[in-house]
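Structure below is final_10.cif: mmCIF, C-alpha atoms (C1' of nucleotides).
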data_input
loop_
_atom_site.label_atom_id
_atom_site.label_comp_id
_atom_site.auth_asym_id
_atom_site.auth_seq_id
_atom_site.Cartn_x
_atom_site.Cartn_y
_atom_site.Cartn_z
CA MET A 29 37.45 -11.13 22.60
CA ASN A 30 34.12 -10.72 21.01
CA GLU A 31 33.51 -13.30 18.30
CA PHE A 32 31.72 -10.79 16.10
CA ILE A 33 34.74 -8.51 15.98
CA LYS A 34 36.81 -11.43 14.83
CA LYS A 35 34.34 -12.38 12.15
CA ALA A 36 34.23 -8.75 11.01
CA GLU A 37 38.01 -8.54 10.86
CA GLY A 38 38.03 -11.48 8.52
CA LEU A 39 35.81 -9.44 6.21
CA GLY A 40 37.95 -6.33 6.38
CA ILE A 41 35.48 -4.60 8.69
CA LYS A 42 36.27 -2.80 11.94
CA ILE A 43 33.40 -2.61 14.38
CA PRO A 44 33.19 -1.36 17.95
CA ARG A 45 33.10 -3.91 20.75
CA ILE A 46 29.37 -4.09 21.18
CA THR A 47 26.68 -6.63 20.42
CA ALA A 48 23.22 -6.19 18.94
CA ASP A 49 21.55 -6.28 22.37
CA LYS A 50 23.75 -3.54 23.70
CA ILE A 51 23.20 -1.42 20.62
CA ASN A 52 19.47 -1.65 21.21
CA ASN A 53 19.84 -0.74 24.88
CA ALA A 54 21.96 2.24 23.93
CA VAL A 55 19.65 3.48 21.20
CA LYS A 56 16.51 3.22 23.32
CA PRO A 57 17.02 6.46 25.29
CA VAL A 58 17.92 8.22 22.06
CA LEU A 59 14.63 7.11 20.54
CA ARG A 60 12.73 8.33 23.62
CA LYS A 61 14.35 11.77 23.21
CA MET A 62 13.42 11.85 19.54
CA GLU A 63 9.82 10.96 20.30
CA LYS A 64 9.68 13.77 22.83
CA ALA A 65 11.25 16.28 20.46
CA GLY A 66 8.81 15.58 17.64
CA ILE A 67 8.81 17.38 14.30
CA ARG A 68 6.86 20.46 13.30
CA ILE A 69 4.33 20.38 10.50
CA ASP A 70 2.75 23.34 8.77
CA VAL A 71 -0.89 22.66 9.60
CA ALA A 72 -2.10 25.38 7.24
CA VAL A 73 -0.39 23.71 4.30
CA PHE A 74 -1.93 20.38 5.28
CA LYS A 75 -5.40 21.90 5.39
CA LYS A 76 -4.94 23.67 2.08
CA LEU A 77 -3.76 20.50 0.38
CA GLU A 78 -6.58 18.52 1.90
CA ASN A 79 -9.15 20.97 0.55
CA ALA A 80 -7.64 21.04 -2.90
CA LEU A 81 -7.36 17.28 -3.15
CA SER A 82 -10.83 16.69 -1.76
CA ASN A 83 -12.18 18.82 -4.58
CA ASP A 84 -10.20 16.82 -7.13
CA LEU A 85 -11.55 13.64 -5.61
CA GLU A 86 -15.16 14.78 -6.00
CA ILE A 87 -14.65 15.59 -9.64
CA LEU A 88 -12.91 12.27 -10.26
CA THR A 89 -15.72 10.41 -8.52
CA LYS A 90 -18.30 11.93 -10.86
CA LYS A 91 -16.25 11.15 -13.95
CA ILE A 92 -15.63 7.57 -12.89
CA HIS A 93 -19.31 6.96 -12.10
CA LYS A 94 -20.30 8.40 -15.45
CA LEU A 95 -17.87 6.18 -17.34
CA ALA A 96 -19.06 3.16 -15.37
CA GLY A 97 -22.66 4.01 -16.17
CA HIS A 98 -23.71 4.03 -12.51
CA ASP A 99 -22.62 4.99 -8.99
CA PHE A 100 -20.51 2.54 -7.00
CA ASN A 101 -18.01 2.62 -4.17
CA ILE A 102 -14.69 3.34 -5.86
CA SER A 103 -12.87 2.38 -2.65
CA SER A 104 -14.29 -1.13 -2.79
CA PRO A 105 -11.97 -3.47 -4.69
CA SER A 106 -14.76 -6.03 -5.18
CA GLN A 107 -17.17 -3.49 -6.64
CA MET A 108 -14.32 -2.15 -8.77
CA ALA A 109 -13.62 -5.62 -10.15
CA VAL A 110 -17.28 -6.07 -11.12
CA VAL A 111 -17.33 -2.75 -12.95
CA LEU A 112 -14.05 -3.30 -14.79
CA PHE A 113 -14.11 -6.97 -15.62
CA GLU A 114 -17.80 -7.87 -15.78
CA GLU A 115 -19.59 -4.72 -16.89
CA LEU A 116 -16.91 -3.03 -19.00
CA LYS A 117 -15.50 -6.44 -19.90
CA LEU A 118 -11.89 -5.24 -19.82
CA GLN A 119 -9.36 -7.93 -20.66
CA THR A 120 -8.20 -9.95 -17.68
CA GLU A 121 -5.53 -11.85 -19.50
CA GLY A 122 -2.18 -11.55 -17.76
CA LEU A 123 -3.66 -9.94 -14.67
CA LYS A 124 -2.90 -11.28 -11.23
CA LYS A 125 -5.65 -12.82 -9.19
CA SER A 126 -6.42 -12.06 -5.59
CA GLN A 127 -8.14 -14.60 -3.39
CA SER A 128 -11.56 -13.40 -4.45
CA GLY A 129 -10.99 -12.64 -8.10
CA PHE A 130 -8.97 -10.43 -10.39
CA SER A 131 -6.76 -7.90 -8.69
CA THR A 132 -7.45 -4.22 -9.21
CA ALA A 133 -4.11 -3.15 -7.73
CA ALA A 134 -2.37 -0.25 -9.44
CA ASN A 135 0.32 -2.52 -10.88
CA GLU A 136 -2.29 -4.61 -12.63
CA LEU A 137 -4.40 -1.68 -13.78
CA LYS A 138 -1.34 -0.09 -15.38
CA LYS A 139 -1.17 -3.08 -17.72
CA ILE A 140 -4.56 -2.13 -19.18
CA GLU A 141 -4.16 1.61 -18.73
CA ASP A 142 -4.81 2.43 -22.40
CA LYS A 143 -7.73 0.01 -22.81
CA HIS A 144 -10.25 2.35 -21.24
CA LYS A 145 -10.41 6.01 -20.21
CA ILE A 146 -11.62 4.99 -16.75
CA ILE A 147 -8.33 3.39 -15.70
CA PRO A 148 -6.15 6.52 -15.42
CA LEU A 149 -8.96 8.18 -13.48
CA ILE A 150 -9.08 5.28 -11.03
CA LEU A 151 -5.33 5.41 -10.55
CA GLU A 152 -5.50 9.11 -9.83
CA TYR A 153 -8.44 8.59 -7.47
CA ARG A 154 -6.52 5.97 -5.54
CA GLU A 155 -3.42 8.16 -5.24
CA ILE A 156 -5.36 11.13 -3.97
CA SER A 157 -7.61 9.24 -1.57
CA LYS A 158 -4.56 7.53 -0.05
CA LEU A 159 -2.93 10.89 0.62
CA ILE A 160 -6.06 12.36 2.16
CA SER A 161 -7.04 9.43 4.34
CA THR A 162 -3.59 8.43 5.57
CA TYR A 163 -1.76 11.76 5.82
CA LEU A 164 -3.61 14.98 5.15
CA LYS A 165 -6.62 14.28 7.33
CA PRO A 166 -5.19 12.43 10.37
CA LEU A 167 -1.80 14.07 10.94
CA PRO A 168 -2.96 17.60 11.81
CA LEU A 169 -5.20 16.07 14.50
CA LEU A 170 -2.14 14.67 16.26
CA VAL A 171 0.00 17.78 16.70
CA ASP A 172 0.88 19.24 20.10
CA GLU A 173 0.58 22.90 21.13
CA ASN A 174 3.72 23.68 19.11
CA SER A 175 2.40 22.03 15.95
CA ARG A 176 4.80 19.15 16.44
CA LEU A 177 4.08 15.50 15.70
CA HIS A 178 5.36 12.82 18.07
CA THR A 179 5.75 9.26 16.85
CA THR A 180 6.57 6.12 18.83
CA TYR A 181 9.61 4.16 17.77
CA GLY A 182 10.01 0.44 18.30
CA LEU A 183 12.84 -2.07 18.12
CA GLU A 184 10.89 -5.33 18.07
CA THR A 185 11.34 -6.00 14.37
CA SER A 186 12.59 -9.21 12.85
CA THR A 187 15.66 -7.72 11.18
CA GLY A 188 16.68 -5.15 13.77
CA ARG A 189 15.29 -2.18 11.95
CA ILE A 190 13.52 0.55 13.89
CA ASN A 191 9.81 0.98 13.23
CA SER A 192 7.52 3.94 13.82
CA ASN A 193 3.83 4.13 14.58
CA GLU A 194 0.98 6.37 15.71
CA PRO A 195 1.82 8.11 13.52
CA ASN A 196 4.25 6.31 11.26
CA LEU A 197 6.79 8.97 10.27
CA GLN A 198 8.78 6.51 8.18
CA ASN A 199 6.38 6.48 5.25
CA ILE A 200 5.72 10.16 4.60
CA PRO A 201 5.15 10.64 0.84
CA ILE A 202 7.99 11.91 -1.32
CA ARG A 203 7.15 10.63 -4.83
CA GLY A 204 4.29 11.35 -7.16
CA LYS A 205 2.51 14.55 -8.01
CA TYR A 206 1.93 15.58 -4.40
CA GLY A 207 4.68 13.78 -2.47
CA GLU A 208 7.04 16.71 -2.33
CA LYS A 209 4.29 19.04 -1.23
CA ILE A 210 3.45 16.84 1.72
CA ARG A 211 7.03 16.32 2.74
CA GLY A 212 7.60 20.03 2.32
CA ALA A 213 5.01 20.62 5.03
CA PHE A 214 7.37 19.01 7.56
CA VAL A 215 9.25 22.12 8.61
CA ALA A 216 12.04 23.41 10.78
CA GLU A 217 11.19 25.59 13.77
CA LYS A 218 11.76 29.34 13.28
CA GLY A 219 15.46 30.07 13.45
CA MET A 220 16.26 26.42 12.80
CA LYS A 221 17.12 24.25 9.80
CA LEU A 222 16.38 20.65 9.01
CA ILE A 223 19.37 18.54 8.09
CA SER A 224 18.82 15.28 6.27
CA ALA A 225 21.62 12.74 6.08
CA ASP A 226 21.26 9.47 4.28
CA TYR A 227 23.61 6.58 3.77
CA SER A 228 24.36 6.08 0.10
CA GLN A 229 23.63 2.48 -0.96
CA ILE A 230 24.39 1.20 2.51
CA GLU A 231 22.89 -2.24 1.91
CA LEU A 232 24.92 -2.81 -1.26
CA ARG A 233 28.08 -1.75 0.55
CA VAL A 234 27.27 -4.10 3.39
CA VAL A 235 26.63 -7.05 1.12
CA ALA A 236 29.79 -6.29 -0.87
CA CYS A 237 31.72 -6.80 2.38
CA LEU A 238 29.71 -9.70 3.79
CA ALA A 239 30.10 -11.47 0.46
CA GLN A 240 33.66 -10.25 -0.12
CA ASP A 241 32.67 -9.63 -3.72
CA GLU A 242 35.79 -8.35 -5.42
CA THR A 243 34.11 -6.67 -8.37
CA MET A 244 31.71 -4.78 -6.17
CA ILE A 245 34.37 -3.83 -3.63
CA ARG A 246 36.52 -2.44 -6.42
CA SER A 247 33.62 -0.37 -7.78
CA PHE A 248 32.88 1.16 -4.40
CA LYS A 249 36.55 1.79 -3.68
CA ASN A 250 36.89 3.57 -7.03
CA GLY A 251 33.81 5.65 -6.31
CA GLU A 252 32.15 4.42 -9.48
CA ASP A 253 28.46 4.71 -10.34
CA ILE A 254 27.53 1.26 -9.09
CA HIS A 255 24.40 0.85 -11.19
CA ALA A 256 26.14 1.97 -14.38
CA GLN A 257 28.97 -0.40 -13.53
CA THR A 258 26.51 -3.26 -13.10
CA ALA A 259 24.86 -2.31 -16.40
CA ALA A 260 28.20 -2.48 -18.18
CA GLU A 261 28.74 -5.93 -16.67
CA ILE A 262 25.39 -7.54 -17.39
CA PHE A 263 25.13 -6.09 -20.91
CA GLY A 264 28.78 -6.74 -21.69
CA ILE A 265 29.51 -3.18 -22.75
CA LYS A 266 31.73 -0.30 -21.67
CA MET A 267 30.75 2.07 -18.88
CA ASN A 268 30.46 5.02 -21.28
CA GLU A 269 28.10 3.08 -23.55
CA VAL A 270 25.48 2.49 -20.86
CA THR A 271 22.10 3.98 -21.76
CA PRO A 272 19.74 5.36 -19.09
CA ASP A 273 17.39 2.42 -19.70
CA GLN A 274 20.19 -0.09 -19.21
CA ARG A 275 21.18 1.65 -16.00
CA ARG A 276 17.59 1.48 -14.79
CA LYS A 277 17.50 -2.25 -15.41
CA ALA A 278 20.84 -2.77 -13.68
CA LYS A 279 19.58 -0.81 -10.70
CA ALA A 280 16.66 -3.20 -10.42
CA VAL A 281 19.07 -6.14 -10.60
CA ASN A 282 21.23 -4.71 -7.81
CA PHE A 283 18.14 -4.02 -5.80
CA GLY A 284 16.73 -7.49 -6.31
CA ILE A 285 19.91 -9.32 -5.43
CA VAL A 286 19.65 -8.62 -1.71
CA TYR A 287 16.07 -9.85 -1.77
CA GLY A 288 16.79 -13.16 -3.45
CA GLN A 289 14.78 -12.08 -6.45
CA THR A 290 13.90 -14.67 -9.10
CA PRO A 291 13.80 -14.15 -12.88
CA TYR A 292 10.03 -14.00 -12.64
CA GLY A 293 10.19 -11.26 -10.00
CA LEU A 294 12.65 -9.21 -12.02
CA SER A 295 10.56 -9.67 -15.16
CA GLN A 296 7.52 -8.30 -13.32
CA ALA A 297 9.45 -5.38 -11.86
CA LEU A 298 10.84 -4.34 -15.24
CA SER A 299 7.97 -5.50 -17.47
CA ILE A 300 10.32 -7.62 -19.54
CA PRO A 301 10.19 -11.29 -20.62
CA ILE A 302 11.31 -13.88 -18.07
CA ASP A 303 14.11 -15.08 -20.36
CA GLU A 304 15.55 -11.61 -20.51
CA ALA A 305 15.39 -11.25 -16.73
CA ALA A 306 16.99 -14.66 -16.29
CA LEU A 307 19.82 -13.64 -18.58
CA TYR A 308 20.55 -10.50 -16.58
CA ILE A 309 20.66 -12.45 -13.35
CA LYS A 310 22.83 -15.13 -14.87
CA ASN A 311 25.25 -12.53 -16.21
CA TYR A 312 25.27 -10.80 -12.85
CA PHE A 313 26.19 -13.91 -10.91
CA SER A 314 28.83 -14.96 -13.43
CA ILE A 315 30.67 -11.70 -12.72
CA HIS A 316 29.77 -11.30 -9.06
CA THR A 317 30.97 -14.68 -7.91
CA GLY A 318 31.30 -13.40 -4.35
CA ILE A 319 27.62 -12.51 -4.24
CA ALA A 320 26.68 -15.85 -5.78
CA LYS A 321 28.67 -17.63 -3.10
CA TYR A 322 27.17 -15.48 -0.38
CA VAL A 323 23.63 -16.26 -1.49
CA ASN A 324 24.28 -19.99 -1.46
CA SER A 325 26.18 -19.97 1.80
CA MET A 326 23.45 -18.06 3.65
CA ILE A 327 20.85 -20.52 2.39
CA ASP A 328 23.05 -23.44 3.51
CA LEU A 329 23.77 -21.82 6.86
CA GLY A 330 20.09 -21.23 7.44
CA HIS A 331 19.32 -24.87 6.77
CA GLU A 332 22.18 -26.06 9.00
CA GLN A 333 21.60 -23.77 11.96
CA GLY A 334 17.93 -22.96 11.64
CA TYR A 335 18.81 -19.27 11.85
CA VAL A 336 21.02 -16.55 10.38
CA GLU A 337 22.74 -13.61 12.05
CA THR A 338 23.73 -10.04 11.30
CA LEU A 339 27.24 -8.72 11.79
CA PHE A 340 26.46 -7.69 15.38
CA GLY A 341 24.57 -10.86 16.18
CA THR A 342 20.89 -10.13 15.70
CA ARG A 343 19.51 -13.63 15.20
CA ARG A 344 16.62 -14.53 12.92
CA HIS A 345 15.11 -17.97 13.21
CA LEU A 346 13.87 -19.59 10.02
CA PRO A 347 11.45 -22.36 11.03
CA ASN A 348 9.94 -22.63 7.57
CA LEU A 349 13.14 -24.04 6.16
CA LYS A 350 11.85 -27.30 7.65
CA SER A 351 8.48 -26.98 5.90
CA HIS A 352 7.35 -29.44 3.27
CA ILE A 353 5.68 -26.65 1.35
CA ARG A 354 8.12 -25.44 -1.18
CA PHE A 355 7.24 -21.78 -1.34
CA MET A 356 7.46 -21.54 2.45
CA VAL A 357 11.01 -22.84 2.26
CA GLU A 358 11.82 -20.47 -0.57
CA ALA A 359 10.42 -17.54 1.38
CA ASP A 360 12.68 -18.32 4.33
CA GLU A 361 15.64 -18.74 2.02
CA ARG A 362 15.11 -15.22 0.76
CA ILE A 363 14.93 -14.04 4.35
CA ALA A 364 18.22 -15.84 5.01
CA ILE A 365 19.79 -13.81 2.21
CA ASN A 366 18.25 -10.49 3.13
CA THR A 367 18.26 -10.35 6.92
CA PRO A 368 22.04 -10.19 7.46
CA VAL A 369 22.22 -7.35 4.96
CA GLN A 370 19.21 -5.32 6.05
CA GLY A 371 19.94 -6.05 9.72
CA THR A 372 23.59 -5.07 9.57
CA ALA A 373 22.70 -1.82 7.83
CA ALA A 374 20.17 -1.18 10.60
CA GLU A 375 22.78 -1.80 13.26
CA ILE A 376 25.16 0.64 11.62
CA LEU A 377 22.46 3.29 11.62
CA LYS A 378 21.58 2.65 15.27
CA LEU A 379 25.24 2.89 16.26
CA ALA A 380 25.47 6.19 14.40
CA MET A 381 22.41 7.46 16.26
CA VAL A 382 23.93 6.61 19.63
CA GLU A 383 27.20 8.23 18.69
CA LEU A 384 25.57 11.28 17.19
CA ASP A 385 23.35 11.84 20.18
CA LYS A 386 26.40 11.63 22.42
CA VAL A 387 28.34 14.12 20.31
CA LEU A 388 25.47 16.58 19.97
CA SER A 389 24.59 16.59 23.65
CA THR A 390 28.18 17.07 24.79
CA GLN A 391 29.20 19.65 22.21
CA TYR A 392 26.06 21.75 22.37
CA THR A 393 25.13 22.05 26.00
CA VAL A 394 22.90 25.12 25.76
CA ARG A 395 19.88 24.44 27.93
CA SER A 396 17.13 25.47 25.59
CA ASP A 397 14.99 24.15 22.80
CA ARG A 398 17.34 25.94 20.42
CA LYS A 399 19.85 23.16 20.30
CA PRO A 400 20.75 20.65 17.63
CA GLN A 401 18.84 17.42 18.06
CA LEU A 402 17.93 14.23 16.27
CA LEU A 403 14.30 14.14 15.16
CA LEU A 404 13.70 11.27 12.76
CA THR A 405 15.21 7.97 11.68
CA VAL A 406 14.07 6.38 8.41
CA HIS A 407 16.12 3.20 7.87
CA ASP A 408 19.08 4.81 6.14
CA GLU A 409 18.35 8.43 6.85
CA LEU A 410 18.57 10.68 9.91
CA VAL A 411 16.87 14.04 10.24
CA VAL A 412 18.39 16.58 12.60
CA GLU A 413 17.15 20.03 13.56
CA ALA A 414 19.76 22.69 14.28
CA PRO A 415 19.88 26.45 14.83
CA VAL A 416 20.54 28.28 11.57
CA LYS A 417 23.84 29.63 12.86
CA GLN A 418 25.21 26.20 13.66
CA ALA A 419 23.50 24.27 10.87
CA LYS A 420 26.54 24.01 8.63
CA GLU A 421 28.88 22.73 11.33
CA VAL A 422 26.26 20.36 12.70
CA ALA A 423 25.73 18.97 9.21
CA GLU A 424 29.43 18.24 8.93
CA LEU A 425 29.40 16.61 12.34
CA VAL A 426 26.46 14.42 11.36
CA GLN A 427 28.15 13.34 8.16
CA GLU A 428 31.46 12.68 9.87
CA THR A 429 29.84 10.64 12.62
CA MET A 430 27.70 8.54 10.29
CA GLU A 431 30.55 7.80 7.91
CA ASN A 432 32.98 6.69 10.57
CA VAL A 433 30.92 4.80 13.11
CA VAL A 434 32.18 1.57 11.60
CA THR A 435 34.87 0.91 9.02
CA LEU A 436 33.58 -1.32 6.24
CA CYS A 437 35.75 -2.90 3.57
CA VAL A 438 34.58 -0.06 1.29
CA PRO A 439 34.02 3.63 1.97
CA ILE A 440 30.74 4.61 3.60
CA GLU A 441 29.21 7.67 1.96
CA VAL A 442 26.59 9.93 3.46
CA ASN A 443 24.60 12.44 1.40
CA ILE A 444 23.78 15.48 3.40
CA SER A 445 21.56 18.45 2.74
CA MET A 446 19.60 21.06 4.62
CA GLY A 447 16.67 23.38 4.24
CA ASN A 448 13.67 24.94 5.90
CA ASN A 449 11.62 21.83 5.32
CA TRP A 450 12.06 18.12 4.74
CA ALA A 451 11.59 18.40 0.97
CA GLU A 452 14.28 21.07 0.66
CA ALA A 453 16.58 19.05 2.86
CA LYS A 454 16.89 16.41 0.17
"C1'" DA B 8 -10.66 -9.93 11.70
"C1'" DA B 9 -9.53 -10.87 6.99
"C1'" DC B 10 -8.67 -8.93 2.72
"C1'" DT B 11 -7.14 -5.45 -0.47
"C1'" DA B 12 -4.59 -1.55 -1.42
"C1'" DG B 13 -0.77 1.57 -1.06
"C1'" DG B 14 2.63 4.92 1.47
"C1'" DC B 15 7.96 4.58 2.74
"C1'" DT B 16 13.20 2.46 2.92
"C1'" DG C 19 0.91 -27.04 -10.76
"C1'" DT C 20 1.86 -22.80 -7.63
"C1'" DA C 21 4.24 -18.88 -6.62
"C1'" DT C 22 7.60 -16.01 -7.53
"C1'" DA C 23 11.27 -9.17 -3.86
"C1'" DA C 24 12.98 -7.83 2.13
"C1'" DG C 25 10.95 -4.91 6.08
"C1'" DC C 26 7.38 -1.91 8.03
"C1'" DC C 27 2.20 0.90 9.16
"C1'" DT C 28 -2.52 2.62 8.10
"C1'" DA C 29 -7.03 2.90 5.96
"C1'" DG C 30 -11.40 1.32 3.80
"C1'" DT C 31 -14.53 -2.51 2.81
"C1'" DT C 32 -16.69 -6.70 3.86
"C1'" DG C 33 -19.06 -10.21 6.60
#

Exercise: express the given structure as structure tokens:
Amino acid sequence: MNEFIKKAEGLGIKIPRITADKINNAVKPVLRKMEKAGIRIDVAVFKKLENALSNDLEILTKKIHKLAGHDFNISSPSQMAVVLFEELKLQTEGLKKSQSGFSTAANELKKIEDKHKIIPLILEYREISKLISTYLKPLPLLVDENSRLHTTYGLETSTGRINSNEPNLQNIPIRGKYGEKIRGAFVAEKGMKLISADYSQIELRVVACLAQDETMIRSFKNGEDIHAQTAAEIFGIKMNEVTPDQRRKAKAVNFGIVYGQTPYGLSQALSIPIDEAALYIKNYFSIHTGIAKYVNSMIDLGHEQGYVETLFGTRRHLPNLKSHIRFMVEADERIAINTPVQGTAAEILKLAMVELDKVLSTQYTVRSDRKPQLLLTVHDELVVEAPVKQAKEVAELVQETMENVVTLCVPIEVNISMGNNWAEAK
DNA sequence: AACTAGGCT
DNA sequence: GTATAAGCCTAGTTG
């Protein structure tokens, strides 16, 4: 009898008889297949976008130089700091410092966005140059004869997540003015559809079970809007009185919990006073006593054992808990909170990939490239390509498989959608 | 190679 | 008094 199954049973979770090591061994060949399959991009769209954005960048460069009074390298943070804080004498009060001086990171610049016309232009310049240099320019150079991109997946991460490099297909833009356009240039082959399936709030569901938090378990079981529910709790109001802004704040609280976020961190994330952030967190823990207990017990366990584990036994050593430097200890304590959650979610996804690959390759045995296959894995999302005719049934199969690969103490929900490209399939 | 910045979950 | 939200990858600048 596997000790992990026993532990899971105590939490109301049913998991297959398999350990983290074995999951990794089983998912490896699946990853190799996915690398080989690759995903098609529309090179023409990439080129068009690159041209358009390069033009914008030129115009922005001229405007920024004019406002600065002279030419300088906009991509150089140190030159940028001189222009903003020494020459233009913009206020530095409340801005974070980097090792060399005042930070010019977007988060900081947003604080002084309306102090000078140059700031919005810089922010736009940064956004566009990122897209060109990291995506639009390099990716088309990497396609094969079928316009497909092939990444390399890895399993050597500290939490058990899968990573992707050369190129990284796990950080393709989706937000911002141009995000959708870029993601929309990841396309299905002719006669095929892309199916995207993502776990809905998988980490919150996992922590609800690991922590046995009654309030959270009830919300998930009732299919409630978890962020609105949290808002009602921390603001002490009824669900139907929750404003969009309160929901947004509650979402940040939920998000921060699994990272061991402090009042200061929450205050930064929401641009609110520290007191206010502290109040939200205090209210949260007074209602979610299970989560509060979980947080403390993982910190204690880390200190006792020197490591923490996920549900399937991925172990993370925490040597800094022995440090005499306080923030090193605190950093490892946050890792102790987060790793079991993030790692367990990763294991669930990997199990689903193994299962799904098995199902797809046995049910659709046609020997051709026109068969349903897994293409991408992005932490809580899988992307599958399937022939148009079978797309609907494959989508249902994907959803079914992902939702039932383990049985948590709450329902697992998978959002599924399909389209001719990755933006539509969302 | 270190630092800064920024893309994603 | 210092730092303060987990995990990744890539690109440009600087010395």

- Residue IDs satisfying the PyMOL selection byres ((chain C and resi 25) around 9), as a PyMOL selection string: (chain A and resi 185-187+189+370) or (chain B and resi 16) or (chain C and resi 24+26)

- Query: Quick one: distance from atom CA of Glu409 of chain A to atom CA of Ile444 of chain A in Å, one decimal?
  - Reply: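 Result for atom CA of Glu409 of chain A versus atom CA of Ile444 of chain A: 9.5 Å, one decimal.
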
Residues of chain A that have any atom at most 9 Å from an atom of chain C: could you tabulate them with the shortest-distance atom pair and the distance in Å to one decimal, using all atoms listed in the file, ordered by chain and increasing number, as a tab-separated table?
residue	atom	partner	partner_atom	distance
A:Ser103	CA	C:DG30	C1'	6.7
A:Ser104	CA	C:DT31	C1'	5.8
A:Pro105	CA	C:DT31	C1'	8.0
A:Ser106	CA	C:DT31	C1'	8.7
A:Lys158	CA	C:DA29	C1'	8.0
A:Ser161	CA	C:DA29	C1'	6.7
A:Thr162	CA	C:DT28	C1'	6.4
A:Thr185	CA	C:DG25	C1'	8.4
A:Ser186	CA	C:DG25	C1'	8.2
A:Thr187	CA	C:DG25	C1'	7.5
A:Arg189	CA	C:DG25	C1'	7.8
A:Ile190	CA	C:DC26	C1'	8.8
A:Asn191	CA	C:DC26	C1'	6.4
A:Ser192	CA	C:DC27	C1'	7.7
A:Asn193	CA	C:DC27	C1'	6.5
A:Glu194	CA	C:DC27	C1'	8.6
A:Pro195	CA	C:DC27	C1'	8.4
A:Asn196	CA	C:DC27	C1'	6.2
A:Gln198	CA	C:DC26	C1'	8.5
A:Asn199	CA	C:DC27	C1'	8.0
A:Phe283	CA	C:DA23	C1'	8.8
A:Gly284	CA	C:DA23	C1'	6.2
A:Ile285	CA	C:DA23	C1'	8.8
A:Val286	CA	C:DA24	C1'	7.7
A:Tyr287	CA	C:DA23	C1'	5.3
A:Gly288	CA	C:DA23	C1'	6.8
A:Gln289	CA	C:DA23	C1'	5.2
A:Thr290	CA	C:DT22	C1'	6.6
A:Pro291	CA	C:DT22	C1'	8.4
A:Tyr292	CA	C:DT22	C1'	6.0
A:Gly293	CA	C:DT22	C1'	5.9
A:Leu294	CA	C:DA23	C1'	8.3
A:Phe355	CA	C:DA21	C1'	6.7
A:Arg362	CA	C:DA24	C1'	7.8
A:Ile363	CA	C:DA24	C1'	6.9
A:Asn366	CA	C:DA24	C1'	6.0
A:Thr367	CA	C:DA24	C1'	7.6
A:Gln370	CA	C:DA24	C1'	7.8

So that each row is one residue of chain B with an atom at most 8 Å from chain A, can you give its shortest atom pair and the distance in Å to one decimal, using only C-alpha atoms (C1' of nucleotides), rows by chain and rising number, as a Markdown table?
| residue | atom | partner | partner_atom | distance |
| --- | --- | --- | --- | --- |
| B:DT11 | C1' | A:Pro105 | CA | 6.7 |
| B:DA12 | C1' | A:Ala133 | CA | 6.5 |
| B:DG13 | C1' | A:Lys158 | CA | 7.1 |
| B:DG14 | C1' | A:Asn199 | CA | 5.5 |
| B:DC15 | C1' | A:Asn199 | CA | 3.5 |
| B:DT16 | C1' | A:His407 | CA | 5.8 |

- Message: Can you translate the PyMOL selection byres ((chain A and resi 229) around 10) into the concrete residues it hits in this file, as number ranges by chain?
- Response: A: 226-228, 230-234, 248, 254, 283, 373, 408, 440-442

- Message: Between atom CA of Ile265 of chain A and atom CA of Ala305 of chain A, what distance in Å does the model show, to one decimal?
- Response: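 Separation between atom CA of Ile265 of chain A and atom CA of Ala305 of chain A: 17.3 Å.
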
- Take the point (24.4, -7.8, 12.8) in the file's coordinates, draw a sphere of radius 6 Å around it, and report as a list in words every protein, DNA or RNA residue with an atom inside or on it, counting only C-alpha atoms (C1' of nucleotides).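 Within 6 Å of (24.4, -7.8, 12.8), the protein and nucleic acid residues are Thr338, Leu339, Phe340, Gly341, Thr342, Gly371 and Thr372 of chain A.
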
Dump C-alpha atoms for the selected residues as a PDB file, keeping the file's coordinate frame?
ATOM      1  CA  THR A 338      23.730 -10.040  11.300  1.00  0.00           C
ATOM      2  CA  LEU A 339      27.240  -8.720  11.790  1.00  0.00           C
ATOM      3  CA  PHE A 340      26.460  -7.690  15.380  1.00  0.00           C
ATOM      4  CA  GLY A 341      24.570 -10.860  16.180  1.00  0.00           C
ATOM      5  CA  THR A 342      20.890 -10.130  15.700  1.00  0.00           C
ATOM      6  CA  GLY A 371      19.940  -6.050   9.720  1.00  0.00           C
ATOM      7  CA  THR A 372      23.590  -5.070   9.570  1.00  0.00           C
TER       8      THR A 372
END

- Choose the residue, out of A:Leu137, A:Met356, A:Ile223, A:Leu81, that has the smallest atom-to-atom separation from Ile156 of chain A; count all atoms listed in the file.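 The shortest atom-to-atom distance to Ile156 of chain A comes from A:Leu81.
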
- Item | Residue with smallest distance to Lys117 of chain A - pool A:His144, A:Lys91, A:Lys310, A:Lys56, counting all atoms listed in the file |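 Using all atoms listed in the file, Lys117 of chain A sits closest to A:His144.
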
- Query: Could you work out how far atom CA of Ile376 of chain A lies from atom CA of Tyr335 of chain A, giving the answer in Å with one decimal?
  - Reply: 20.9 Å

- List as an NGL selection string: which residues have an atom within 10 Å of (27.0, 2.6, 14.1), counting all atoms listed in the file? :A and (43-44 or 51 or 372-384 or 429-435)

- Task: Mind checking which residues fall within 6 Å of Gly66 of chain A, counting all atoms listed in the file, ignoring those fewer than 4 positions away in the same chain, and posting them as a ChimeraX atom specification?
- Result: /A:176-178

I'd like the box whose edges run along x, y and z of the file and which contains every listed atom of chain B, padded by 6 Å per side; could you state its centre and edge lengths in Å, one decimal, as AutoDock Vina command-line options?
--center_x 1.3 --center_y -3.0 --center_z 5.1 --size_x 35.9 --size_y 27.8 --size_z 25.1
